Amino acid sequence: MPSRPKLALVTGASRGLGLAIAEALSAQGFHLILTARSLPALQRLAARLPNATAHACDIRDPESVATLATLVRRRRRLHVLINNAGIAGPSAPIATLDFDTWRQVIDTNLHGTFLITQAMLPYLAKGSVIVNNLSIAARTAFPGMAAYNASKRGLLAFTETLREELRPRAVRVVALLPGAADTAIWEQFWPQAPRRRMIAPATIAQAVAFAVSLPPGANIDELVINPSSGAL
Ligand SMILES: NC(=O)c1ccc[n+]([C@@H]2O[C@H](COP(=O)([O-])OP(=O)(O)OC[C@H]3O[C@@H](n4cnc5c(N)ncnc54)[C@H](OP(=O)(O)O)[C@@H]3O)[C@@H](O)[C@H]2O)c1
């Protein structure tokens, strides 16, 4: 009897790293639920990947996340959760950083990842994998990026706690720490950043797909990927 196809949920799948990870998981044969706020971009991606469903979800909104969870419940079991959605916000020193920017970044990156993770926990199959997309900012403080740094450092603590809590369920948790990757996120805080030295999203996706494909007895706890030419 053929084995049931495995299901992966990718947040922030409408562009950038999430889109590339969705493509890489699709190439591995995963069925996909693709989410972000903007439905048209998701629908375009779902149209060209086999067995992919697009569903708009704002990870900051508990009701929106609960609706997404209903969709996952109908599919019964989730095998991969990619917590990728995130924002950087504009760059500003703490002295002038406005509270709204601080709140939006923390709300999206930290609170949103918590909401999605908690909502998906009941559906995670034994041996499944959660990948939390942090950043090297989880370990290195970048001036002008206090909210982003704080959200990602907080997510590292969240990720490590989650890993310990899920060991008895044989659910593995990967902390993904990419360095500079060539996506639209740079427009938010450094539009002139030298893109040609950045990592291609497909390369990060390749590493994520490898981590997800490991046998259930092993986990890549932390996946740090930097441009080989060094920092920008
Ligand atoms: N690019 C890099 O250099 C780099 C390095 C390290 C880590 N990262 C991390 O990688 C992740 C993806 O970033 P990216 O570089 O691919 O940026 P991106 O191209 O701007 O993509 C961000 C994705 O997140 C979604 N998103 C944003 N806010 C959301 C919300 N409230 N609810 C649901 N989805 C939301 C966006 O879709 P909508 O706008 O349609 O919602 C989009 O799909 C982020 O967590 C980022 O911190 C990026």
# chains A, B, ... in the order shown; residues from 1 in each chain; ligands from 1
call {"tool": "residues_near_ligand", "arguments": {"ligand": "ligand 1", "cutoff": "8 Å", "atoms": "only C-alpha atoms and all ligand atoms", "output": "PyMOL selection string"}}
result
chain A and resi 11-19+35-39+41+56-61+83-88+107-109+112+133-137+148+152+176-186+198-199+201
call {"tool": "closest_atom_pairs", "arguments": {"of": "region 99-135 of chain A", "to": "region 207-213 of chain A", "cutoff": "9 Å", "atoms": "only C-alpha atoms", "output": "CSV"}}
result
residue,atom,partner,partner_atom,distance
A:Ser128,CA,A:Val212,CA,8.4
A:Val129,CA,A:Val212,CA,6.3
A:Ile130,CA,A:Val212,CA,8.5
A:Val131,CA,A:Val208,CA,7.9
call {"tool": "write_last_selection", "arguments": {"atoms": "all heavy atoms", "output": "PDB file, in the first residue's frame"}}
result
ATOM      1  N   SER A 128       7.853  14.428  13.256  1.00  0.00           N
ATOM      2  CA  SER A 128       7.754  15.635  12.431  1.00  0.00           C
ATOM      3  C   SER A 128       8.831  16.658  12.824  1.00  0.00           C
ATOM      4  O   SER A 128       9.521  16.508  13.834  1.00  0.00           O
ATOM      5  CB  SER A 128       6.357  16.236  12.529  1.00  0.00           C
ATOM      6  OG  SER A 128       6.044  16.525  13.859  1.00  0.00           O
ATOM      7  N   VAL A 129       8.938  17.693  12.001  1.00  0.00           N
ATOM      8  CA  VAL A 129      10.002  18.684  12.181  1.00  0.00           C
ATOM      9  C   VAL A 129       9.409  20.100  12.134  1.00  0.00           C
ATOM     10  O   VAL A 129       8.625  20.411  11.242  1.00  0.00           O
ATOM     11  CB  VAL A 129      11.080  18.575  11.062  1.00  0.00           C
ATOM     12  CG1 VAL A 129      12.221  19.558  11.307  1.00  0.00           C
ATOM     13  CG2 VAL A 129      11.620  17.160  10.965  1.00  0.00           C
ATOM     14  N   ILE A 130       9.810  20.917  13.099  1.00  0.00           N
ATOM     15  CA  ILE A 130       9.483  22.347  13.075  1.00  0.00           C
ATOM     16  C   ILE A 130      10.786  23.095  12.777  1.00  0.00           C
ATOM     17  O   ILE A 130      11.796  22.853  13.436  1.00  0.00           O
ATOM     18  CB  ILE A 130       8.941  22.826  14.440  1.00  0.00           C
ATOM     19  CG1 ILE A 130       7.676  22.058  14.833  1.00  0.00           C
ATOM     20  CG2 ILE A 130       8.670  24.335  14.422  1.00  0.00           C
ATOM     21  CD1 ILE A 130       7.182  22.365  16.247  1.00  0.00           C
ATOM     22  N   VAL A 131      10.743  23.978  11.793  1.00  0.00           N
ATOM     23  CA  VAL A 131      11.902  24.837  11.518  1.00  0.00           C
ATOM     24  C   VAL A 131      11.492  26.268  11.822  1.00  0.00           C
ATOM     25  O   VAL A 131      10.558  26.800  11.209  1.00  0.00           O
ATOM     26  CB  VAL A 131      12.360  24.722  10.045  1.00  0.00           C
ATOM     27  CG1 VAL A 131      13.545  25.656   9.783  1.00  0.00           C
ATOM     28  CG2 VAL A 131      12.728  23.286   9.701  1.00  0.00           C
TER      29      VAL A 131
END
call {"tool": "select_by_dssp", "arguments": {"residues": "region 1-186 of chain A", "states": "strand (DSSP E or B)", "output": "CSV table (one decimal) with C-alpha atoms, in the first residue's frame"}}
result
chain,number,residue,atom,x,y,z
A,7,LEU,CA,2.0,17.6,4.7
A,8,ALA,CA,4.1,20.8,5.3
A,9,LEU,CA,2.8,24.2,6.3
A,10,VAL,CA,5.0,27.2,5.4
A,11,THR,CA,4.3,30.7,6.8
A,31,HIS,CA,1.9,18.4,0.0
A,32,LEU,CA,1.8,22.0,1.1
A,33,ILE,CA,-0.3,24.6,2.9
A,34,LEU,CA,1.1,28.0,1.9
A,35,THR,CA,0.2,31.0,4.1
A,36,ALA,CA,1.0,34.7,4.2
A,52,ALA,CA,-0.4,22.9,-2.8
A,53,THR,CA,-3.2,24.9,-1.1
A,54,ALA,CA,-3.1,28.7,-0.6
A,55,HIS,CA,-4.6,30.2,2.6
A,56,ALA,CA,-4.3,33.8,3.8
A,78,LEU,CA,1.2,17.8,9.9
A,79,HIS,CA,4.7,16.6,9.2
A,80,VAL,CA,6.7,19.8,8.7
A,81,LEU,CA,6.0,23.3,10.1
A,82,ILE,CA,8.1,26.1,8.7
A,83,ASN,CA,7.8,29.2,10.9
A,124,LEU,CA,2.2,17.4,14.6
A,125,ALA,CA,2.9,13.7,13.8
A,126,LYS,CA,5.5,11.7,15.6
A,127,GLY,CA,8.9,12.3,13.8
A,128,SER,CA,7.8,15.6,12.4
A,129,VAL,CA,10.0,18.7,12.2
A,130,ILE,CA,9.5,22.3,13.1
A,131,VAL,CA,11.9,24.8,11.5
A,132,ASN,CA,11.9,28.3,13.1
A,133,ASN,CA,13.5,30.9,10.8
A,172,ARG,CA,12.2,17.8,16.3
A,173,VAL,CA,12.8,21.5,16.4
A,174,VAL,CA,15.4,23.3,14.2
A,175,ALA,CA,16.7,26.8,14.7
A,176,LEU,CA,17.5,28.3,11.3
A,177,LEU,CA,20.0,31.2,11.5
A,178,PRO,CA,20.6,32.6,8.0
A,181,ALA,CA,19.9,36.4,1.9
call {"tool": "atom_distance", "arguments": {"atom1": "CA of Ser151 (chain A)", "atom2": "CA of Thr203 (chain A)"}}
result
24.2 Å
call {"tool": "closest_residue", "arguments": {"among": "A:Lys6, A:Phe99, A:Pro216, A:Ala202", "to": "Ala22 (chain A)", "atoms": "only C-alpha atoms"}}
result
A:Ala202
